[in-house]
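Before any comments, here is the structure.
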Amino acid sequence: MLTLASDFGSPYPAAMKGVICSRTDAQLIDVAHDLPRQDPRAAAFWLRETLPHFPPAVHLAVVDPGVGTDRRAIAIRVADHALVGPDNGLLRPVVRRLAEQAGGTPSIAAYEITVDDPASTTFHGRDVFAPAAADIHETGLDRIDTVEPLSPVDLDSCVDLRFPEPTRDGDTVHGEVLVVDDFGNVITNIPGTELAGIEQATVNDISAPVVDTFDRVDAGSRLLTVGSHGYVECDVNRGRGDEAFGLGVGDRFELVAGGPA
Amino acid sequence: MLTLASDFGSPYPAAMKGVICSRTDAQLIDVAHDLPRQDPRAAAFWLRETLPHFPPAVHLAVVDPGVGTDRRAIAIRVADHALVGPDNGLLRPVVRRLAEQAGGTPSIAAYEITVDDPASTTFHGRDVFAPAAADIHETGLDRIDTVEPLSPVDLDSCVDLRFPEPTRDGDTVHGEVLVVDDFGNVITNIPGTELAGIEQATVNDISAPVVDTFDRVDAGSRLLTVGSHGYVECDVNRGRGDEAFGLGVGDRFELVAGGPA
Amino acid sequence: MLTLASDFGSPYPAAMKGVICSRTDAQLIDVAHDLPRQDPRAAAFWLRETLPHFPPAVHLAVVDPGVGTDRRAIAIRVADHALVGPDNGLLRPVVRRLAEQAGGTPSIAAYEITVDDPASTTFHGRDVFAPAAADIHETGLDRIDTVEPLSPVDLDSCVDLRFPEPTRDGDTVHGEVLVVDDFGNVITNIPGTELAGIEQATVNDISAPVVDTFDRVDAGSRLLTVGSHGYVECDVNRGRGDEAFGLGVGDRFELVAGGPA
């Protein structure tokens, strides 16, 4: 199985699929091709939240504002999965999650992908990453060392990327918006445990009830909930939380438990 | 074969695909993930118009504004197909169409899906429906009764959903817009037979020719036609019918045959 | 393998997939369903740039403003590929590219697809093209002559479509925009070789550096580069070239090498 994720929109992913199908019979699964555009941090969040649900697979993931510069192309094997993409931090959160999921001391190995003269300087998804992912799938993870354009590198030499941690100041939790989803739900970096036992909270002085799901409040009303990823979300039932709370990706905000019911 | 339909946009469907692929080798087919958002009636129309074209399959369909409340999760087997989704009426029109298509007295059985402690209260697509659909596929329809979280219920106990019927008042047909498609074509609930033998008609006093296809009128001009679903459509050649006729989903309107040519 | 491309958006492609899966076990690959709407020339560009990357396959491609009129439905076999779609020129550029790619004297044959009484006049993707593509796949290219609704026609009788060639007037190259991609990159008809050895150029008096990739200029800055298709592109790093250069599909413009650095 080979999954594809990118911020390429359409129809560029089709060229990658063609290249892959020319090299391997792998079953292809589209993860998403509208990952947050040229935003490796937000894209890394979605990779971490989706890819670990898959059985062992090769995962191609390209959100790559530095394409054609001297940023490296890399592949990382972790347990039964391999990730292929640019060395800009995009792959690191999902690698950590897959390692946790594997438990024990999973096998992790990083490789640089070197293609001497790619056909383009701007579409390494097609010319560098897709062939490498296909070849890794075709060769098999046990023999990943033998895939030609791969050479081992230290994982620590690869760009890391970590999501910001919330901080606490008395009753106030200082959080940051990690992503906004297609529904307008605002997904923060605050663990859901912060809302345990609380019925109401304020976000930047906007008060909203803490509920377990959307339909606990009227259509159009704000709510706070623990989203499916385990983080605090600022949402609106059948509406857009980003607009109602005035929050976008990367915005910082203050969460205070309690407040007027 | 397992098809997926939802209003989840992207990338949430990828988590469902991962869960499914972990449980079955079924071929996955994306039907659509931009079904009319949180609008089970409009989404039910599209399910009815697309799923019956498929060979025997398990169909996962999630448009579920009541997720996490006490609405039930259900599966319905009809002939060689199984539908899995929320008990909000979404599945009923396609079940009726599949039963008609099967002819005779097709086997129809409904089941409640009970998952004691799903991982989330807001993403039952991933935590309830996807595992159930995968397990039904893996077990096979003949043994659907043995799929663990399924318990038989009376189909009549499931929420029904029927599209409104047009009414007639002298020369006037009172219709309603069921859906607007991506092209802006306005698909109504009026059977195409109403346009038989007619060359011109008015919709809310807007007159337009009745033609068999778009290119019978100039680019940018309004037309009425019998769409591919068999209903009267209010369209514009190479333009948007919804804007030109001032009609949106759920709007009622009056159709009068004839009028100025 | 059977690929699908259209301008149908969603969910109409699902009906085509259902029809195909009822007739063949072919692996389905979505190329794109948001090809430039009702614009066969721009859509033909994307088909030419994506489909030749695939291994031997049947390619269904529908951008068909003339659906239901007397335009023909056709299939064209070229080397190990077959293309199925409307006879409006859409398929011709990719046929030429596939023939070049095959080298030598590839086998090319054209067929008219005749369906006496299709179920609809407006959705030949579902009622004419999908069944034909599925049947060609199921029958195999070697026996394409035996697919029932196909009858041989002269390729020269099929509508041709050629992209405009740039012209030169002294130092000025007169070009035209072929397509604008999802990123807003403006893809022109000027071969990349025109930029060889040049560091700066003007497009309609807007000066921009000639670079090998986006990140050579600051975020938000204009650039000219040779895109992954080999043509001159007018782009903005992490922004939209179409807006910054004021260019859209079909616009003509003047490119002059040099200019103020």
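Labels for the structure tokens follow display order: chains A, B, ..., residues from 1 in each chain, ligands from 1.
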Can I get the residues of chain B within 7 Å of chain A, each with the closest pair of atoms and their distance in Å to one decimal, using only C-alpha atoms, sorted chain first then ascending number, as a Markdown table?
| residue | atom | partner | partner_atom | distance |
| --- | --- | --- | --- | --- |
| B:Gly9 | CA | A:Asp182 | CA | 6.0 |
| B:Ser10 | CA | A:Ala32 | CA | 6.3 |
| B:Pro11 | CA | A:Ala32 | CA | 5.4 |
| B:Ala14 | CA | A:Val31 | CA | 4.9 |
| B:Ala15 | CA | A:Thr50 | CA | 4.7 |
| B:Gly18 | CA | A:Phe54 | CA | 3.9 |
| B:Val19 | CA | A:His53 | CA | 5.4 |
| B:Cys21 | CA | A:Phe54 | CA | 6.4 |
| B:Ser22 | CA | A:Pro55 | CA | 5.0 |
| B:Gly66 | CA | A:Asp215 | CA | 5.8 |
| B:Gly68 | CA | A:Thr213 | CA | 5.6 |
| B:Thr69 | CA | A:Asp215 | CA | 6.9 |
| B:Ser120 | CA | A:Ser228 | CA | 5.1 |
| B:Thr121 | CA | A:Thr213 | CA | 5.9 |
| B:Thr122 | CA | A:Thr213 | CA | 5.8 |
| B:Phe123 | CA | A:Ser228 | CA | 5.8 |
Quiz prompt | Residues near range 165-170 of chain C, cut-off 10 Å, only C-alpha atoms, skip fewer than 2 positions along chain, as a ChimeraX atom specification | solution = /C:162-163,172-176,188-191,252-256
Kindly save the residues from that selection, with N, CA and C atoms included, as an mmCIF file, in the first residue's frame.
data_model
loop_
_atom_site.group_PDB
_atom_site.id
_atom_site.type_symbol
_atom_site.label_atom_id
_atom_site.label_comp_id
_atom_site.auth_asym_id
_atom_site.auth_seq_id
_atom_site.Cartn_x
_atom_site.Cartn_y
_atom_site.Cartn_z
ATOM 1 N N ARG C 162 -4.706 22.144 -31.505
ATOM 2 C CA ARG C 162 -3.287 22.424 -31.319
ATOM 3 C C ARG C 162 -3.135 23.673 -30.470
ATOM 4 N N PHE C 163 -2.135 23.648 -29.613
ATOM 5 C CA PHE C 163 -1.876 24.835 -28.800
ATOM 6 C C PHE C 163 -1.227 25.887 -29.683
ATOM 7 N N THR C 172 11.054 40.771 -29.019
ATOM 8 C CA THR C 172 9.808 40.480 -28.319
ATOM 9 C C THR C 172 9.247 39.123 -28.725
ATOM 10 N N VAL C 173 8.923 38.313 -27.729
ATOM 11 C CA VAL C 173 8.237 37.052 -28.001
ATOM 12 C C VAL C 173 6.763 37.245 -27.612
ATOM 13 N N HIS C 174 5.883 36.963 -28.570
ATOM 14 C CA HIS C 174 4.455 37.064 -28.299
ATOM 15 C C HIS C 174 3.943 35.694 -27.871
ATOM 16 N N GLY C 175 3.518 35.603 -26.628
ATOM 17 C CA GLY C 175 3.067 34.318 -26.111
ATOM 18 C C GLY C 175 1.611 34.358 -25.690
ATOM 19 N N GLU C 176 1.147 33.207 -25.248
ATOM 20 C CA GLU C 176 -0.242 33.097 -24.786
ATOM 21 C C GLU C 176 -0.273 32.194 -23.558
ATOM 22 N N THR C 188 2.646 29.278 -19.785
ATOM 23 C CA THR C 188 2.545 29.885 -21.113
ATOM 24 C C THR C 188 2.913 28.880 -22.191
ATOM 25 N N ASN C 189 2.789 29.329 -23.434
ATOM 26 C CA ASN C 189 3.170 28.474 -24.558
ATOM 27 C C ASN C 189 4.598 28.717 -25.021
ATOM 28 N N ILE C 190 5.380 29.457 -24.251
ATOM 29 C CA ILE C 190 6.750 29.778 -24.665
ATOM 30 C C ILE C 190 7.711 28.720 -24.137
ATOM 31 N N PRO C 191 8.462 28.087 -25.032
ATOM 32 C CA PRO C 191 9.388 27.047 -24.567
ATOM 33 C C PRO C 191 10.407 27.615 -23.586
ATOM 34 N N ARG C 252 -2.960 36.943 -24.127
ATOM 35 C CA ARG C 252 -1.701 37.103 -24.870
ATOM 36 C C ARG C 252 -0.836 38.123 -24.155
ATOM 37 N N PHE C 253 0.466 37.980 -24.331
ATOM 38 C CA PHE C 253 1.376 38.891 -23.624
ATOM 39 C C PHE C 253 2.689 38.954 -24.394
ATOM 40 N N GLU C 254 3.513 39.904 -24.003
ATOM 41 C CA GLU C 254 4.826 40.072 -24.633
ATOM 42 C C GLU C 254 5.935 39.798 -23.626
ATOM 43 N N LEU C 255 6.849 38.954 -24.029
ATOM 44 C CA LEU C 255 8.016 38.654 -23.198
ATOM 45 C C LEU C 255 9.250 39.259 -23.855
ATOM 46 N N VAL C 256 10.005 40.046 -23.085
ATOM 47 C CA VAL C 256 11.256 40.610 -23.602
ATOM 48 C C VAL C 256 12.371 40.248 -22.635
#
Exercise. Write out as a list in words the residues lying within 6 Å of range 80-95 of chain A, counting only C-alpha atoms and excluding same-chain residues fewer than 2 positions away.
Key: Pro40, Ala44, Arg48, Pro56, Ala57, Val58, His59, Leu60, Ala61, Val62, Arg72, Ala73, Ile74, Ala75, Ile76, Arg77, Val78, Arg97, Leu98, Val159, Asp160 and Leu161 of chain A
Quiz item: Between CA of Ile187 in chain C and CA of Met16 in chain A, what is the distance, to one decimal in Å?
Solution: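 A separation of 19.0 Å between them.
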Quiz item: In range 28-187 of chain B, what's strand (DSSP E or B) per DSSP? Answer as JSON, numbers by chain?
Solution: {"B": [28, 29, 30, 31, 32, 58, 59, 60, 61, 62, 73, 74, 75, 76, 77, 78, 81, 82, 83, 84, 85, 86, 108, 109, 110, 111, 112, 113, 150, 151, 152, 153, 167, 168, 169, 172, 173, 174, 175, 176, 177, 178, 179, 180, 186, 187]}
Practice problem: Find the residues around Val63 in chain C up to 6 Å (only C-alpha atoms counted), leave out those fewer than 6 positions away in its own chain, and share them as a list in words. | Solution: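 The filter keeps Ser6, Asp7, Gln38 and Pro40 of chain C.
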Practice problem: Return as a ChimeraX atom specification the full set of residues in range 139-250 of chain A whose backbone-based DSSP assignment is helix (DSSP H, G or I). | Solution: /A:139,141-146,155-157,192-195,214-216,241-245
Output N, CA and C atoms of each residue in that selection to a file, as a PDB file, in the first residue's frame.
ATOM      1  N   THR A 139      10.721  -2.586  -3.577  1.00  0.00           N
ATOM      2  CA  THR A 139      11.864  -3.301  -2.991  1.00  0.00           C
ATOM      3  C   THR A 139      11.483  -3.959  -1.666  1.00  0.00           C
ATOM      4  N   LEU A 141      10.435  -2.958   2.644  1.00  0.00           N
ATOM      5  CA  LEU A 141      11.111  -2.248   3.731  1.00  0.00           C
ATOM      6  C   LEU A 141      12.313  -3.015   4.273  1.00  0.00           C
ATOM      7  N   ASP A 142      12.272  -4.323   4.166  1.00  0.00           N
ATOM      8  CA  ASP A 142      13.400  -5.104   4.696  1.00  0.00           C
ATOM      9  C   ASP A 142      14.679  -4.849   3.913  1.00  0.00           C
ATOM     10  N   ARG A 143      14.489  -4.433   2.665  1.00  0.00           N
ATOM     11  CA  ARG A 143      15.662  -4.208   1.816  1.00  0.00           C
ATOM     12  C   ARG A 143      15.760  -2.751   1.401  1.00  0.00           C
ATOM     13  N   ILE A 144      15.194  -1.875   2.221  1.00  0.00           N
ATOM     14  CA  ILE A 144      15.179  -0.448   1.880  1.00  0.00           C
ATOM     15  C   ILE A 144      16.598   0.078   1.658  1.00  0.00           C
ATOM     16  N   ASP A 145      17.562  -0.521   2.357  1.00  0.00           N
ATOM     17  CA  ASP A 145      18.961  -0.090   2.213  1.00  0.00           C
ATOM     18  C   ASP A 145      19.468  -0.225   0.788  1.00  0.00           C
ATOM     19  N   THR A 146      18.823  -1.091   0.012  1.00  0.00           N
ATOM     20  CA  THR A 146      19.336  -1.354  -1.337  1.00  0.00           C
ATOM     21  C   THR A 146      18.675  -0.474  -2.401  1.00  0.00           C
ATOM     22  N   LEU A 155      19.166  10.399  11.706  1.00  0.00           N
ATOM     23  CA  LEU A 155      17.855  11.045  11.852  1.00  0.00           C
ATOM     24  C   LEU A 155      17.998  12.420  12.486  1.00  0.00           C
ATOM     25  N   ASP A 156      18.966  12.539  13.413  1.00  0.00           N
ATOM     26  CA  ASP A 156      19.157  13.825  14.094  1.00  0.00           C
ATOM     27  C   ASP A 156      19.640  14.909  13.143  1.00  0.00           C
ATOM     28  N   SER A 157      20.125  14.518  11.984  1.00  0.00           N
ATOM     29  CA  SER A 157      20.581  15.522  11.014  1.00  0.00           C
ATOM     30  C   SER A 157      19.398  16.068  10.217  1.00  0.00           C
ATOM     31  N   GLY A 192      -7.072  17.970  25.643  1.00  0.00           N
ATOM     32  CA  GLY A 192      -8.462  17.923  26.048  1.00  0.00           C
ATOM     33  C   GLY A 192      -8.646  17.795  27.555  1.00  0.00           C
ATOM     34  N   THR A 193      -7.646  17.247  28.227  1.00  0.00           N
ATOM     35  CA  THR A 193      -7.750  17.064  29.679  1.00  0.00           C
ATOM     36  C   THR A 193      -7.961  18.392  30.407  1.00  0.00           C
ATOM     37  N   GLU A 194      -7.580  19.491  29.788  1.00  0.00           N
ATOM     38  CA  GLU A 194      -7.793  20.812  30.408  1.00  0.00           C
ATOM     39  C   GLU A 194      -9.271  21.121  30.599  1.00  0.00           C
ATOM     40  N   LEU A 195     -10.123  20.463  29.824  1.00  0.00           N
ATOM     41  CA  LEU A 195     -11.554  20.750  29.914  1.00  0.00           C
ATOM     42  C   LEU A 195     -12.289  19.762  30.821  1.00  0.00           C
ATOM     43  N   PHE A 214     -21.255  18.467  19.033  1.00  0.00           N
ATOM     44  CA  PHE A 214     -21.769  19.698  18.442  1.00  0.00           C
ATOM     45  C   PHE A 214     -23.238  19.953  18.775  1.00  0.00           C
ATOM     46  N   ASP A 215     -24.055  18.932  18.616  1.00  0.00           N
ATOM     47  CA  ASP A 215     -25.501  19.141  18.700  1.00  0.00           C
ATOM     48  C   ASP A 215     -26.001  19.362  20.127  1.00  0.00           C
ATOM     49  N   ARG A 216     -25.079  19.527  21.088  1.00  0.00           N
ATOM     50  CA  ARG A 216     -25.488  19.896  22.450  1.00  0.00           C
ATOM     51  C   ARG A 216     -25.859  21.373  22.534  1.00  0.00           C
ATOM     52  N   GLY A 241     -16.244  27.767  13.457  1.00  0.00           N
ATOM     53  CA  GLY A 241     -15.613  28.231  14.680  1.00  0.00           C
ATOM     54  C   GLY A 241     -14.559  29.293  14.431  1.00  0.00           C
ATOM     55  N   ASP A 242     -13.837  29.195  13.305  1.00  0.00           N
ATOM     56  CA  ASP A 242     -12.770  30.162  13.058  1.00  0.00           C
ATOM     57  C   ASP A 242     -13.342  31.581  12.975  1.00  0.00           C
ATOM     58  N   GLU A 243     -14.503  31.697  12.342  1.00  0.00           N
ATOM     59  CA  GLU A 243     -15.113  33.020  12.224  1.00  0.00           C
ATOM     60  C   GLU A 243     -15.700  33.480  13.565  1.00  0.00           C
ATOM     61  N   ALA A 244     -16.353  32.571  14.265  1.00  0.00           N
ATOM     62  CA  ALA A 244     -17.047  32.959  15.499  1.00  0.00           C
ATOM     63  C   ALA A 244     -16.078  33.297  16.623  1.00  0.00           C
ATOM     64  N   PHE A 245     -14.912  32.646  16.619  1.00  0.00           N
ATOM     65  CA  PHE A 245     -13.927  32.930  17.666  1.00  0.00           C
ATOM     66  C   PHE A 245     -12.837  33.888  17.158  1.00  0.00           C
TER      67      PHE A 245
END
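Across the model, the gap from CA of Phe45 in chain A to CA of Val180 in chain A is 10.8 Å.
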Quiz item: Which value, in Å to one decimal, gives the distance between CA of Val210 in chain C and CA of Gly125 in chain A?
Solution: 22.1 Å
Distance query Val249 in chain C at most 8 Å, only C-alpha atoms, self and fewer than 2 positions along chain excluded, as a PDB file with all heavy atoms, in the first residue's frame:
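Result file around_29.pdb:
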ATOM      1  N   ALA C  42      -7.712  23.929 -22.537  1.00  0.00           N
ATOM      2  CA  ALA C  42      -6.943  23.916 -21.289  1.00  0.00           C
ATOM      3  C   ALA C  42      -6.922  22.503 -20.695  1.00  0.00           C
ATOM      4  O   ALA C  42      -5.903  22.046 -20.168  1.00  0.00           O
ATOM      5  CB  ALA C  42      -7.522  24.918 -20.294  1.00  0.00           C
ATOM      6  N   VAL C 177      -1.184  32.486 -22.657  1.00  0.00           N
ATOM      7  CA  VAL C 177      -1.321  31.667 -21.451  1.00  0.00           C
ATOM      8  C   VAL C 177      -2.141  30.418 -21.800  1.00  0.00           C
ATOM      9  O   VAL C 177      -3.273  30.518 -22.267  1.00  0.00           O
ATOM     10  CB  VAL C 177      -2.022  32.456 -20.324  1.00  0.00           C
ATOM     11  CG1 VAL C 177      -2.226  31.559 -19.096  1.00  0.00           C
ATOM     12  CG2 VAL C 177      -1.223  33.702 -19.967  1.00  0.00           C
ATOM     13  N   LEU C 178      -1.550  29.246 -21.573  1.00  0.00           N
ATOM     14  CA  LEU C 178      -2.274  27.998 -21.846  1.00  0.00           C
ATOM     15  C   LEU C 178      -3.184  27.612 -20.682  1.00  0.00           C
ATOM     16  O   LEU C 178      -4.351  27.290 -20.882  1.00  0.00           O
ATOM     17  CB  LEU C 178      -1.287  26.863 -22.117  1.00  0.00           C
ATOM     18  CG  LEU C 178      -0.419  27.031 -23.370  1.00  0.00           C
ATOM     19  CD1 LEU C 178       0.515  25.834 -23.514  1.00  0.00           C
ATOM     20  CD2 LEU C 178      -1.287  27.204 -24.616  1.00  0.00           C
ATOM     21  N   VAL C 179      -2.652  27.626 -19.490  1.00  0.00           N
ATOM     22  CA  VAL C 179      -3.436  27.295 -18.293  1.00  0.00           C
ATOM     23  C   VAL C 179      -2.875  28.058 -17.101  1.00  0.00           C
ATOM     24  O   VAL C 179      -1.740  28.545 -17.124  1.00  0.00           O
ATOM     25  CB  VAL C 179      -3.394  25.773 -17.953  1.00  0.00           C
ATOM     26  CG1 VAL C 179      -4.073  24.940 -19.023  1.00  0.00           C
ATOM     27  CG2 VAL C 179      -1.973  25.306 -17.718  1.00  0.00           C
ATOM     28  N   VAL C 180      -3.681  28.166 -16.063  1.00  0.00           N
ATOM     29  CA  VAL C 180      -3.238  28.655 -14.754  1.00  0.00           C
ATOM     30  C   VAL C 180      -3.479  27.511 -13.787  1.00  0.00           C
ATOM     31  O   VAL C 180      -4.582  26.947 -13.760  1.00  0.00           O
ATOM     32  CB  VAL C 180      -4.031  29.899 -14.326  1.00  0.00           C
ATOM     33  CG1 VAL C 180      -3.662  30.310 -12.900  1.00  0.00           C
ATOM     34  CG2 VAL C 180      -3.772  31.048 -15.291  1.00  0.00           C
ATOM     35  N   LEU C 247      -2.552  38.026 -15.482  1.00  0.00           N
ATOM     36  CA  LEU C 247      -2.730  37.147 -16.642  1.00  0.00           C
ATOM     37  C   LEU C 247      -3.681  35.989 -16.330  1.00  0.00           C
ATOM     38  O   LEU C 247      -3.629  35.416 -15.246  1.00  0.00           O
ATOM     39  CB  LEU C 247      -1.376  36.557 -17.064  1.00  0.00           C
ATOM     40  CG  LEU C 247      -0.404  37.531 -17.736  1.00  0.00           C
ATOM     41  CD1 LEU C 247       0.952  36.868 -17.928  1.00  0.00           C
ATOM     42  CD2 LEU C 247      -0.959  38.020 -19.087  1.00  0.00           C
ATOM     43  N   ASP C 251      -4.951  34.650 -22.279  1.00  0.00           N
ATOM     44  CA  ASP C 251      -4.410  36.002 -22.463  1.00  0.00           C
ATOM     45  C   ASP C 251      -3.120  35.948 -23.275  1.00  0.00           C
ATOM     46  O   ASP C 251      -2.294  35.058 -23.109  1.00  0.00           O
ATOM     47  CB  ASP C 251      -4.112  36.654 -21.107  1.00  0.00           C
ATOM     48  CG  ASP C 251      -5.372  37.068 -20.370  1.00  0.00           C
ATOM     49  OD1 ASP C 251      -6.469  36.996 -20.969  1.00  0.00           O
ATOM     50  OD2 ASP C 251      -5.256  37.461 -19.200  1.00  0.00           O
TER      51      ASP C 251
END
Quick one: residues within 10 Å of Glu138 in chain A, only C-alpha atoms, excluding same-chain residues fewer than 6 positions away - as a compact mmCIF listing (two decimals) with N, CA and C atoms, in the first residue's frame?
# COMPACT_ATOMS: atom_id res chain seq x y z
N ILE A 20 4.33 6.47 -10.23
CA ILE A 20 4.33 5.36 -9.27
C ILE A 20 3.80 4.09 -9.93
N ARG A 23 6.08 1.98 -11.85
CA ARG A 23 7.18 1.34 -11.15
C ARG A 23 6.74 0.26 -10.16
N THR A 24 5.47 0.27 -9.80
CA THR A 24 5.01 -0.70 -8.81
C THR A 24 3.51 -0.91 -8.95
N ASP A 25 3.07 -2.10 -8.54
CA ASP A 25 1.63 -2.40 -8.55
C ASP A 25 0.96 -2.04 -7.23
N ALA A 26 1.62 -1.28 -6.40
CA ALA A 26 1.05 -0.93 -5.09
C ALA A 26 -0.36 -0.39 -5.22
N VAL A 58 3.94 2.56 2.54
CA VAL A 58 4.86 3.62 2.17
C VAL A 58 4.02 4.88 1.99
N ALA A 132 11.09 7.49 -5.76
CA ALA A 132 11.70 6.89 -4.56
C ALA A 132 10.66 6.10 -3.77
N ILE A 144 15.19 -1.87 2.22
CA ILE A 144 15.18 -0.45 1.88
C ILE A 144 16.60 0.08 1.66
N VAL A 147 17.71 0.37 -1.98
CA VAL A 147 17.07 1.24 -2.98
C VAL A 147 18.09 2.28 -3.44
